[in-house]
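The structure appears below as structure tokens.
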Amino acid sequence: MAEFIYSAFCDESGENSIEGQMQQCKLNAITHMELRGFGPKLNINKLSIDQAKEMKEKIDAAGMKVASIGSGYGKINIKEDFEPHFEEFKNTIEVAKILNAKYIRIFSFFFDENDSFDEYEQEVFKRVKAMTDYAYENMITACHENEKDIYGDIAERCLKLLDYCGGKLRAVFDPANFVQCKENTIKAFDLLKDHIEYMHIKDALYANSQVVPAGKGDGNIEYILTQLNKEDKTIVLSLEPHLQVFEGLSNLEAKHDTERALPENVYESHAQSFKIASDSLKELIRKIQG
């Protein structure tokens, strides 16, 4: 049986400060964090060394841990200059080391609508390998996320990229993103399972691409977690709720009538959607592990 570690993109709790994000994690019995954003003016890509040191003191004092750096590296157009992007990546690797993060999430570059993946494939490989190798040299594991509209948005191209990097690059498997790319998540899982390092827990519907709580969509998350549970290893499950929030709901009159009229899976606050996402995942784990 696997040991599942609960992590989360804690900025999706609606809190901007690290203190507030940690508090929301604790309220939901989440022990680890995938750090990404701290309000509209600061994200993990821009965090300085001094800011990282200050944050680490707060994280240690709270008894929390950082599982992964939820960076945005590789989320630029393949035609953009890579060098300044890579130099910023190097700084974030130093931040990851200070925060004692094991993983850094990366991507494999956006393309213009009429661009050929084949034409730019070698450039993608070169750039992703440069990031992967640099992280590896600094004892951080780079994990590629399958994201819509990047080179590695479908399982076959993910596998080519992972193989090219010779085992140093690992996969962070996101079922919802595969659903939004009209991929069969069971086939994708079977193809990539030997490369999966951790998971983003996010589900979605084929019909309209809407993100829904884990187990409520077409991502086959229960099946995938059941397969992972057969392995005797530790795996991080990182919540990425992405659930819809109706920001003005609490200010409306006849609140109960408004709530009944809203589409399913729309929530009053980020804190509420964060809790729903957490509860849905834990319900699946209880079902799988008994």
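Chain identifiers are assigned as A, B, and so on, following the order in which chains appear in the structure tokens; residues are numbered from 1 within each chain, and ligands are numbered from 1 in order of appearance.
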If we count only C-alpha atoms, what is near A:Ser13 at a cut-off of 12 Å, once residues fewer than 2 positions away on the same chain are taken out, given as a CSV table (one decimal) with N, CA and C atoms, in the first residue's frame?
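Below you can see result-v9.csv, which holds the result:
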```csv
chain,number,residue,atom,x,y,z
A,8,ALA,N,-0.7,20.8,-1.5
A,8,ALA,CA,-1.7,21.7,-2.2
A,8,ALA,C,-1.0,23.0,-2.8
A,9,PHE,N,-1.6,23.5,-3.8
A,9,PHE,CA,-1.3,24.8,-4.3
A,9,PHE,C,-2.0,25.7,-3.3
A,10,CYS,N,-1.4,26.1,-2.3
A,10,CYS,CA,-2.0,26.8,-1.1
A,10,CYS,C,-2.5,28.2,-1.4
A,11,ASP,N,-2.1,28.7,-2.6
A,11,ASP,CA,-2.6,30.1,-2.9
A,11,ASP,C,-4.0,30.0,-3.4
A,15,GLU,N,-5.8,32.9,0.2
A,15,GLU,CA,-4.9,33.7,1.0
A,15,GLU,C,-3.6,34.1,0.2
A,16,ASN,N,-3.2,35.3,0.5
A,16,ASN,CA,-2.0,35.8,-0.2
A,16,ASN,C,-0.7,35.6,0.6
A,17,SER,N,-0.8,35.7,1.9
A,17,SER,CA,0.4,35.5,2.8
A,17,SER,C,0.7,34.1,3.0
A,18,ILE,N,2.0,33.8,3.2
A,18,ILE,CA,2.4,32.4,3.6
A,18,ILE,C,1.7,32.0,4.9
A,19,GLU,N,1.5,32.9,5.8
A,19,GLU,CA,0.9,32.6,7.1
A,19,GLU,C,-0.6,32.1,6.8
A,20,GLY,N,-1.3,32.9,6.0
A,20,GLY,CA,-2.7,32.5,5.7
A,20,GLY,C,-2.8,31.2,5.0
A,21,GLN,N,-1.9,31.0,4.0
A,21,GLN,CA,-1.9,29.8,3.2
A,21,GLN,C,-1.6,28.6,4.1
A,22,MET,N,-0.7,28.7,5.0
A,22,MET,CA,-0.4,27.6,5.9
A,22,MET,C,-1.6,27.3,6.9
A,23,GLN,N,-2.2,28.4,7.3
A,23,GLN,CA,-3.4,28.2,8.2
A,23,GLN,C,-4.5,27.4,7.5
A,24,GLN,N,-4.7,27.7,6.2
A,24,GLN,CA,-5.8,27.0,5.5
A,24,GLN,C,-5.4,25.5,5.2
A,25,CYS,N,-4.1,25.3,5.0
A,25,CYS,CA,-3.6,23.9,4.9
A,25,CYS,C,-3.9,23.1,6.2
A,26,LYS,N,-3.5,23.8,7.3
A,26,LYS,CA,-3.7,23.1,8.6
A,26,LYS,C,-5.2,22.8,8.9
A,27,LEU,N,-6.1,23.7,8.5
A,27,LEU,CA,-7.5,23.5,8.7
A,27,LEU,C,-8.0,22.3,7.9
A,28,ASN,N,-7.3,22.0,6.8
A,28,ASN,CA,-7.7,20.9,6.0
A,28,ASN,C,-6.8,19.7,6.1
A,30,ILE,N,-3.6,19.3,5.7
A,30,ILE,CA,-2.7,19.2,4.6
A,30,ILE,C,-1.3,19.6,5.1
A,33,MET,N,3.1,21.8,1.0
A,33,MET,CA,2.7,22.8,0.1
A,33,MET,C,3.4,22.8,-1.3
A,35,LEU,N,4.3,25.7,-3.6
A,35,LEU,CA,4.3,27.1,-3.5
A,35,LEU,C,4.2,27.7,-4.9
A,36,ARG,N,3.4,28.7,-5.1
A,36,ARG,CA,3.2,29.3,-6.4
A,36,ARG,C,3.0,30.8,-6.3
A,37,GLY,N,1.9,31.3,-5.7
A,37,GLY,CA,1.6,32.7,-5.7
A,37,GLY,C,1.4,33.3,-4.3
A,38,PHE,N,1.7,34.6,-4.2
A,38,PHE,CA,1.6,35.3,-2.9
A,38,PHE,C,0.9,36.7,-3.2
A,39,GLY,N,-0.2,36.7,-3.8
A,39,GLY,CA,-0.9,37.9,-4.2
A,39,GLY,C,-0.5,38.3,-5.6
A,239,LEU,N,-3.1,19.0,-4.4
A,239,LEU,CA,-4.4,19.6,-4.7
A,239,LEU,C,-4.2,20.9,-5.6
A,240,GLU,N,-4.9,20.9,-6.7
A,240,GLU,CA,-4.9,22.1,-7.5
A,240,GLU,C,-6.4,22.4,-7.8
A,241,PRO,N,-7.2,22.9,-6.9
A,241,PRO,CA,-8.6,22.9,-7.0
A,241,PRO,C,-9.2,23.5,-8.3
A,242,HIS,N,-8.7,24.7,-8.7
A,242,HIS,CA,-9.2,25.4,-9.9
A,242,HIS,C,-10.7,25.4,-10.0
A,243,LEU,N,-11.4,25.4,-8.9
A,243,LEU,CA,-12.9,25.4,-8.9
A,243,LEU,C,-13.4,26.8,-9.0
A,245,VAL,N,-15.4,30.1,-8.4
A,245,VAL,CA,-15.9,30.9,-7.2
A,245,VAL,C,-16.8,32.0,-7.7
A,269,SER,N,-16.6,30.9,-1.9
A,269,SER,CA,-15.2,31.5,-1.6
A,269,SER,C,-14.2,30.5,-1.9
A,270,HIS,N,-12.9,31.0,-2.0
A,270,HIS,CA,-11.8,30.1,-2.3
A,270,HIS,C,-11.6,29.2,-1.1
A,271,ALA,N,-11.8,29.7,0.1
A,271,ALA,CA,-11.6,28.8,1.2
A,271,ALA,C,-12.6,27.6,1.2
A,272,GLN,N,-13.8,27.9,0.7
A,272,GLN,CA,-14.8,26.8,0.6
A,272,GLN,C,-14.4,25.8,-0.5
A,273,SER,N,-14.0,26.3,-1.7
A,273,SER,CA,-13.6,25.4,-2.8
A,273,SER,C,-12.4,24.6,-2.4
A,274,PHE,N,-11.5,25.2,-1.7
A,274,PHE,CA,-10.3,24.6,-1.2
A,274,PHE,C,-10.6,23.4,-0.3
A,275,LYS,N,-11.6,23.6,0.6
A,275,LYS,CA,-12.0,22.5,1.5
A,275,LYS,C,-12.8,21.4,0.7
A,276,ILE,N,-13.6,21.8,-0.2
A,276,ILE,CA,-14.3,20.8,-1.0
A,276,ILE,C,-13.3,19.9,-1.8
A,277,ALA,N,-12.3,20.6,-2.4
A,277,ALA,CA,-11.3,19.8,-3.1
A,277,ALA,C,-10.6,18.8,-2.2
A,278,SER,N,-10.2,19.3,-1.0
A,278,SER,CA,-9.5,18.5,0.0
A,278,SER,C,-10.4,17.3,0.5
```
Among the residues of stretch 5-160 of chain A, find those DSSP assigns to strand (DSSP E or B) from the backbone and print them as a list in words.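 Residues of stretch 5-160 of chain A classed as strand (DSSP E or B): Ile5, Tyr6, Ser7, Ala8, His32, Met33, Glu34, Leu35, Gly37, Asn43, Lys65, Val66, Ala67, Ser68, Ile69, Asn77, Tyr103, Ile104, Arg105, Ile106, Phe110, Thr141, Ala142, Cys143, His144, Glu145 and Ile150 of chain A.
Proximity ranking of A:Asn77, A:Asn220, A:Asn146, A:Ser209 relative to A:Thr185 places A:Asn220 first, based on only C-alpha atoms.
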Find the spatial neighbours of stretch 177-183 of chain A, counting only C-alpha atoms, within a cut-off of 12 Å - ignore same-chain residues fewer than 5 positions away - and output them as JSON, numbers by chain. {"A": [145, 146, 147, 148, 149, 150, 151, 152, 153, 154, 155, 156, 158, 172, 188, 189, 191, 199, 200, 201, 202, 203, 204, 205, 206, 207, 208, 209, 210, 211, 212, 217, 218, 219, 220, 221, 240, 242]}
If you keep N, CA, C and O atoms, can you produce a file of those selected residues as a compact mmCIF listing (two decimals), in the first residue's frame?
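Final output, part-v2.txt:
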```txt
# COMPACT_ATOMS: atom_id res chain seq x y z
N GLU A 145 4.84 19.00 -16.14
CA GLU A 145 3.39 18.92 -16.08
C GLU A 145 2.80 18.95 -17.49
O GLU A 145 3.18 19.80 -18.31
N ASN A 146 1.89 18.04 -17.75
CA ASN A 146 1.14 18.05 -19.00
C ASN A 146 0.12 19.18 -18.97
O ASN A 146 -0.85 19.14 -18.24
N GLU A 147 0.38 20.20 -19.73
CA GLU A 147 -0.45 21.41 -19.75
C GLU A 147 -1.00 21.62 -21.16
O GLU A 147 -0.31 21.37 -22.16
N LYS A 148 -2.23 22.10 -21.26
CA LYS A 148 -2.84 22.33 -22.55
C LYS A 148 -2.04 23.34 -23.38
O LYS A 148 -1.56 24.35 -22.85
N ASP A 149 -1.86 23.03 -24.66
CA ASP A 149 -1.24 23.93 -25.65
C ASP A 149 0.27 24.06 -25.54
O ASP A 149 0.86 24.94 -26.15
N ILE A 150 0.92 23.20 -24.73
CA ILE A 150 2.39 23.14 -24.76
C ILE A 150 2.80 21.90 -25.53
O ILE A 150 1.95 21.07 -25.91
N TYR A 151 4.10 21.73 -25.77
CA TYR A 151 4.58 20.54 -26.49
C TYR A 151 4.07 19.27 -25.81
O TYR A 151 3.52 18.38 -26.45
N GLY A 152 4.26 19.18 -24.51
CA GLY A 152 3.87 17.98 -23.79
C GLY A 152 2.46 18.03 -23.26
O GLY A 152 2.22 17.84 -22.06
N ASP A 153 1.50 18.28 -24.15
CA ASP A 153 0.10 18.31 -23.70
C ASP A 153 -0.60 16.97 -23.89
O ASP A 153 -1.68 16.75 -23.35
N ILE A 154 0.00 16.07 -24.66
CA ILE A 154 -0.54 14.72 -24.83
C ILE A 154 0.51 13.71 -24.37
O ILE A 154 1.71 14.01 -24.34
N ALA A 155 0.04 12.53 -24.01
CA ALA A 155 0.90 11.55 -23.35
C ALA A 155 2.08 11.11 -24.22
O ALA A 155 3.19 10.92 -23.72
N GLU A 156 1.84 10.94 -25.52
CA GLU A 156 2.92 10.45 -26.39
C GLU A 156 4.08 11.43 -26.44
O GLU A 156 5.24 11.02 -26.40
N CYS A 158 4.73 13.70 -24.10
CA CYS A 158 5.32 13.68 -22.75
C CYS A 158 6.37 12.58 -22.65
O CYS A 158 7.46 12.79 -22.13
N VAL A 172 4.83 15.08 -13.47
CA VAL A 172 3.74 15.35 -12.54
C VAL A 172 2.46 15.20 -13.36
O VAL A 172 2.24 15.93 -14.33
N ALA A 188 -3.21 7.34 -20.85
CA ALA A 188 -2.08 8.22 -20.53
C ALA A 188 -1.34 7.73 -19.30
O ALA A 188 -0.10 7.72 -19.28
N PHE A 189 -2.08 7.33 -18.29
CA PHE A 189 -1.46 6.81 -17.06
C PHE A 189 -0.65 5.55 -17.36
O PHE A 189 0.50 5.42 -16.91
N LEU A 191 0.73 4.67 -20.07
CA LEU A 191 1.91 5.00 -20.87
C LEU A 191 3.00 5.65 -20.02
O LEU A 191 4.20 5.41 -20.23
N MET A 199 1.44 13.68 -8.30
CA MET A 199 0.22 14.02 -9.03
C MET A 199 -0.33 15.37 -8.65
O MET A 199 -0.22 15.79 -7.50
N HIS A 200 -0.93 16.02 -9.62
CA HIS A 200 -1.80 17.15 -9.35
C HIS A 200 -3.23 16.61 -9.31
O HIS A 200 -3.67 15.96 -10.27
N ILE A 201 -3.92 16.86 -8.23
CA ILE A 201 -5.27 16.36 -8.08
C ILE A 201 -6.25 17.41 -8.56
O ILE A 201 -6.56 18.39 -7.87
N LYS A 202 -6.70 17.20 -9.77
CA LYS A 202 -7.62 18.10 -10.45
C LYS A 202 -8.41 17.26 -11.44
O LYS A 202 -7.82 16.49 -12.19
N ASP A 203 -9.73 17.36 -11.43
CA ASP A 203 -10.59 16.58 -12.32
C ASP A 203 -11.31 17.53 -13.26
O ASP A 203 -11.41 18.74 -12.99
N ALA A 204 -11.82 17.01 -14.36
CA ALA A 204 -12.51 17.86 -15.33
C ALA A 204 -13.48 17.02 -16.16
O ALA A 204 -13.44 15.79 -16.15
N LEU A 205 -14.36 17.73 -16.88
CA LEU A 205 -15.37 17.10 -17.71
C LEU A 205 -15.01 17.23 -19.19
O LEU A 205 -14.61 18.31 -19.64
N TYR A 206 -15.15 16.15 -19.94
CA TYR A 206 -14.92 16.21 -21.37
C TYR A 206 -15.90 17.17 -22.06
O TYR A 206 -15.55 17.85 -23.02
N ALA A 207 -17.12 17.22 -21.55
CA ALA A 207 -18.19 17.96 -22.23
C ALA A 207 -17.88 19.44 -22.39
O ALA A 207 -18.12 20.03 -23.46
N ASN A 208 -17.35 20.05 -21.33
CA ASN A 208 -17.13 21.51 -21.38
C ASN A 208 -15.80 21.94 -20.77
O ASN A 208 -15.55 23.13 -20.60
N SER A 209 -14.96 20.98 -20.42
CA SER A 209 -13.63 21.24 -19.83
C SER A 209 -13.69 21.84 -18.43
O SER A 209 -12.66 22.23 -17.88
N GLN A 210 -14.87 21.92 -17.83
CA GLN A 210 -14.98 22.50 -16.49
C GLN A 210 -14.24 21.63 -15.47
O GLN A 210 -14.35 20.40 -15.49
N VAL A 211 -13.50 22.28 -14.59
CA VAL A 211 -12.82 21.57 -13.51
C VAL A 211 -13.82 21.31 -12.38
O VAL A 211 -14.60 22.20 -12.02
N VAL A 212 -13.76 20.09 -11.84
CA VAL A 212 -14.68 19.67 -10.78
C VAL A 212 -13.89 18.96 -9.69
O VAL A 212 -12.71 18.62 -9.89
N GLY A 217 -15.40 13.97 -12.15
CA GLY A 217 -15.23 14.25 -13.57
C GLY A 217 -14.83 13.02 -14.35
O GLY A 217 -15.09 11.88 -13.94
N ASP A 218 -14.18 13.24 -15.48
CA ASP A 218 -13.82 12.16 -16.41
C ASP A 218 -12.34 11.80 -16.34
O ASP A 218 -11.83 11.12 -17.23
N GLY A 219 -11.65 12.24 -15.28
CA GLY A 219 -10.22 12.01 -15.18
C GLY A 219 -9.81 10.65 -14.66
O GLY A 219 -8.61 10.34 -14.59
N ASN A 220 -10.79 9.81 -14.28
CA ASN A 220 -10.48 8.47 -13.76
C ASN A 220 -9.51 8.51 -12.58
O ASN A 220 -8.62 7.66 -12.44
N ILE A 221 -9.69 9.50 -11.70
CA ILE A 221 -8.75 9.68 -10.59
C ILE A 221 -8.81 8.51 -9.62
O ILE A 221 -7.76 8.06 -9.12
N GLU A 240 -4.89 20.92 -6.69
CA GLU A 240 -4.92 22.15 -7.49
C GLU A 240 -6.38 22.41 -7.84
O GLU A 240 -6.83 22.13 -8.95
N HIS A 242 -8.74 24.72 -8.68
CA HIS A 242 -9.23 25.38 -9.91
C HIS A 242 -10.75 25.36 -10.00
O HIS A 242 -11.30 25.28 -11.11
```
Residues near stretch 67-76 of chain A, cut-off 7 Å, only C-alpha atoms, skip fewer than 2 positions along chain, as a list of chain:residue names: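 Once the adjacent positions are removed, what remains is A:Ser7, A:His32, A:Met33, A:Glu34, A:Leu35, A:Arg36, A:Ile44, A:Asn45, A:Lys65, A:Ile78, A:Glu80, A:Phe89, A:Ala96, A:Ala101, A:Lys102, A:Tyr103, A:Ile104, A:Arg105, A:Ile106, A:Phe107, A:Ser108, A:Phe109, A:Phe110.
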Those residues you just picked out, can you put them in a file as a JSON list (two decimals), in the first residue's frame with C-alpha atoms?
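Written output follows (out.json):
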```
[["chain", "number", "residue", "atom", "x", "y", "z"],
["A", 7, "SER", "CA", 0.01, 18.76, -0.53],
["A", 32, "HIS", "CA", 2.87, 19.96, 2.54],
["A", 33, "MET", "CA", 2.65, 22.83, 0.06],
["A", 34, "GLU", "CA", 3.31, 23.46, -3.61],
["A", 35, "LEU", "CA", 4.27, 27.12, -3.51],
["A", 36, "ARG", "CA", 3.22, 29.33, -6.42],
["A", 44, "ILE", "CA", 7.53, 31.91, -6.70],
["A", 45, "ASN", "CA", 9.46, 32.74, -9.91],
["A", 65, "LYS", "CA", 6.87, 21.46, 4.63],
["A", 78, "ILE", "CA", 9.03, 28.56, -27.89],
["A", 80, "GLU", "CA", 10.90, 33.71, -27.05],
["A", 89, "PHE", "CA", 15.16, 29.55, -13.31],
["A", 96, "ALA", "CA", 13.98, 25.67, -3.84],
["A", 101, "ALA", "CA", 11.71, 21.49, -1.76],
["A", 102, "LYS", "CA", 12.30, 18.16, -3.46],
["A", 103, "TYR", "CA", 10.59, 19.04, -6.74],
["A", 104, "ILE", "CA", 10.23, 21.92, -9.18],
["A", 105, "ARG", "CA", 7.33, 21.87, -11.66],
["A", 106, "ILE", "CA", 8.22, 22.87, -15.25],
["A", 107, "PHE", "CA", 6.53, 23.00, -18.67],
["A", 108, "SER", "CA", 7.51, 22.41, -22.29],
["A", 109, "PHE", "CA", 6.68, 25.73, -23.98],
["A", 110, "PHE", "CA", 3.70, 27.21, -25.78]]
```
Here is a test: counting only C-alpha atoms, which residue of A:Glu83, A:Glu264, A:Glu121, A:Glu88 is nearest to A:Tyr164? A:Glu121
Just list as a PyMOL selection string whatever in stretch 90-161 of chain A DSSP marks as alpha helix (DSSP H). chain A and resi 90-98+117-137+155-161
Output the selection as a short mmCIF file (atom, residue, chain, number, x, y, z; two decimals), in the first residue's frame - N, CA, C and O atoms for each residue.
```cif
data_model
loop_
_atom_site.label_atom_id
_atom_site.label_comp_id
_atom_site.auth_asym_id
_atom_site.auth_seq_id
_atom_site.Cartn_x
_atom_site.Cartn_y
_atom_site.Cartn_z
N LYS A 90 17.48 29.58 -12.64
CA LYS A 90 18.61 29.28 -11.75
C LYS A 90 18.40 29.89 -10.36
O LYS A 90 18.71 29.26 -9.34
N ASN A 91 17.88 31.11 -10.32
CA ASN A 91 17.60 31.74 -9.03
C ASN A 91 16.54 30.96 -8.27
O ASN A 91 16.64 30.77 -7.05
N THR A 92 15.51 30.49 -8.99
CA THR A 92 14.44 29.76 -8.33
C THR A 92 14.93 28.40 -7.82
O THR A 92 14.41 27.90 -6.81
N ILE A 93 15.92 27.83 -8.46
CA ILE A 93 16.53 26.60 -7.93
C ILE A 93 17.18 26.88 -6.57
O ILE A 93 17.08 26.08 -5.63
N GLU A 94 17.83 28.04 -6.45
CA GLU A 94 18.40 28.41 -5.15
C GLU A 94 17.30 28.60 -4.11
O GLU A 94 17.45 28.20 -2.94
N VAL A 95 16.19 29.18 -4.52
CA VAL A 95 15.03 29.33 -3.63
C VAL A 95 14.52 27.96 -3.20
O VAL A 95 14.22 27.73 -2.02
N ALA A 96 14.44 27.03 -4.15
CA ALA A 96 13.98 25.67 -3.84
C ALA A 96 14.87 25.00 -2.81
O ALA A 96 14.39 24.31 -1.89
N LYS A 97 16.16 25.21 -2.94
CA LYS A 97 17.11 24.62 -1.98
C LYS A 97 16.91 25.20 -0.58
O LYS A 97 16.92 24.48 0.42
N ILE A 98 16.72 26.50 -0.52
CA ILE A 98 16.50 27.16 0.78
C ILE A 98 15.22 26.64 1.43
O ILE A 98 15.18 26.39 2.63
N PHE A 117 4.75 21.17 -34.07
CA PHE A 117 5.49 20.60 -32.94
C PHE A 117 6.77 19.95 -33.43
O PHE A 117 7.81 20.04 -32.77
N ASP A 118 6.72 19.29 -34.56
CA ASP A 118 7.91 18.60 -35.09
C ASP A 118 9.03 19.59 -35.40
O ASP A 118 10.21 19.32 -35.15
N GLU A 119 8.66 20.74 -35.94
CA GLU A 119 9.66 21.74 -36.34
C GLU A 119 10.47 22.23 -35.14
O GLU A 119 11.68 22.47 -35.25
N TYR A 120 9.81 22.38 -34.00
CA TYR A 120 10.47 22.95 -32.82
C TYR A 120 10.82 21.89 -31.76
O TYR A 120 11.27 22.24 -30.68
N GLU A 121 10.62 20.63 -32.08
CA GLU A 121 10.80 19.57 -31.08
C GLU A 121 12.20 19.58 -30.47
O GLU A 121 12.36 19.50 -29.25
N GLN A 122 13.21 19.68 -31.29
CA GLN A 122 14.58 19.63 -30.77
C GLN A 122 14.89 20.84 -29.88
O GLN A 122 15.64 20.73 -28.91
N GLU A 123 14.31 21.98 -30.22
CA GLU A 123 14.50 23.17 -29.38
C GLU A 123 13.81 22.96 -28.02
O GLU A 123 14.36 23.34 -26.98
N VAL A 124 12.62 22.37 -28.04
CA VAL A 124 11.95 22.03 -26.78
C VAL A 124 12.82 21.11 -25.95
O VAL A 124 13.05 21.34 -24.75
N PHE A 125 13.31 20.05 -26.58
CA PHE A 125 14.14 19.08 -25.86
C PHE A 125 15.37 19.75 -25.25
O PHE A 125 15.73 19.49 -24.09
N LYS A 126 16.02 20.61 -26.02
CA LYS A 126 17.24 21.28 -25.55
C LYS A 126 16.95 22.14 -24.32
O LYS A 126 17.70 22.11 -23.33
N ARG A 127 15.87 22.90 -24.38
CA ARG A 127 15.54 23.81 -23.28
C ARG A 127 15.10 23.04 -22.02
O ARG A 127 15.55 23.36 -20.91
N VAL A 128 14.23 22.07 -22.20
CA VAL A 128 13.77 21.31 -21.05
C VAL A 128 14.92 20.54 -20.42
O VAL A 128 15.04 20.46 -19.20
N LYS A 129 15.79 19.98 -21.24
CA LYS A 129 16.94 19.25 -20.70
C LYS A 129 17.88 20.18 -19.95
O LYS A 129 18.45 19.80 -18.91
N ALA A 130 18.05 21.40 -20.43
CA ALA A 130 18.90 22.36 -19.73
C ALA A 130 18.37 22.63 -18.33
O ALA A 130 19.13 22.65 -17.35
N MET A 131 17.06 22.83 -18.21
CA MET A 131 16.47 23.05 -16.89
C MET A 131 16.57 21.80 -16.03
O MET A 131 16.90 21.88 -14.84
N THR A 132 16.28 20.67 -16.64
CA THR A 132 16.31 19.40 -15.90
C THR A 132 17.71 19.11 -15.36
O THR A 132 17.87 18.74 -14.20
N ASP A 133 18.71 19.26 -16.21
CA ASP A 133 20.08 18.97 -15.81
C ASP A 133 20.55 19.92 -14.71
O ASP A 133 21.22 19.50 -13.76
N TYR A 134 20.20 21.20 -14.84
CA TYR A 134 20.62 22.17 -13.83
C TYR A 134 19.97 21.85 -12.48
O TYR A 134 20.63 21.90 -11.44
N ALA A 135 18.69 21.52 -12.51
CA ALA A 135 18.01 21.14 -11.26
C ALA A 135 18.65 19.89 -10.66
O ALA A 135 18.91 19.83 -9.45
N TYR A 136 18.93 18.91 -11.50
CA TYR A 136 19.52 17.64 -11.04
C TYR A 136 20.88 17.87 -10.39
O TYR A 136 21.19 17.28 -9.35
N GLU A 137 21.67 18.74 -11.00
CA GLU A 137 23.00 19.07 -10.44
C GLU A 137 22.88 19.71 -9.07
O GLU A 137 23.81 19.63 -8.26
N ALA A 155 0.04 12.53 -24.01
CA ALA A 155 0.90 11.55 -23.35
C ALA A 155 2.08 11.11 -24.22
O ALA A 155 3.19 10.92 -23.72
N GLU A 156 1.84 10.94 -25.52
CA GLU A 156 2.92 10.45 -26.39
C GLU A 156 4.08 11.43 -26.44
O GLU A 156 5.24 11.02 -26.40
N ARG A 157 3.78 12.73 -26.52
CA ARG A 157 4.87 13.71 -26.55
C ARG A 157 5.52 13.84 -25.17
O ARG A 157 6.73 14.08 -25.07
N CYS A 158 4.73 13.70 -24.10
CA CYS A 158 5.32 13.68 -22.75
C CYS A 158 6.37 12.58 -22.65
O CYS A 158 7.46 12.79 -22.13
N LEU A 159 6.02 11.40 -23.15
CA LEU A 159 6.94 10.25 -23.07
C LEU A 159 8.21 10.51 -23.85
O LEU A 159 9.32 10.19 -23.38
N LYS A 160 8.09 11.10 -25.04
CA LYS A 160 9.29 11.40 -25.83
C LYS A 160 10.21 12.35 -25.07
O LYS A 160 11.44 12.18 -25.06
N LEU A 161 9.63 13.34 -24.44
CA LEU A 161 10.40 14.32 -23.69
C LEU A 161 11.07 13.68 -22.47
O LEU A 161 12.26 13.91 -22.20
#
```
Give me the residues within 9 Å of A:Lys230 as a list in words, counting only C-alpha atoms and dropping any in the same chain fewer than 3 places off.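 My list of contacting residues is Met1, Ala2, Leu225, Thr226, Gln227 and Lys233 of chain A.
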Grab the residues selected above and save them as a compact mmCIF listing (two decimals), in the first residue's frame with C-alpha atoms.
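What landed in part15.txt:
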```txt
# COMPACT_ATOMS: atom_id res chain seq x y z
CA MET A 1 0.00 0.00 0.00
CA ALA A 2 1.24 3.47 -0.86
CA LEU A 225 -5.00 6.34 -7.31
CA THR A 226 -6.03 2.70 -6.93
CA GLN A 227 -3.18 1.68 -9.24
CA LYS A 233 6.11 3.89 -2.05
```
Work out how far apart atom CA of A:Lys168 and atom CA of A:Ile140 are and give it in Å to one decimal.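 Between atom CA of A:Lys168 and atom CA of A:Ile140 the gap works out to 9.8 Å.
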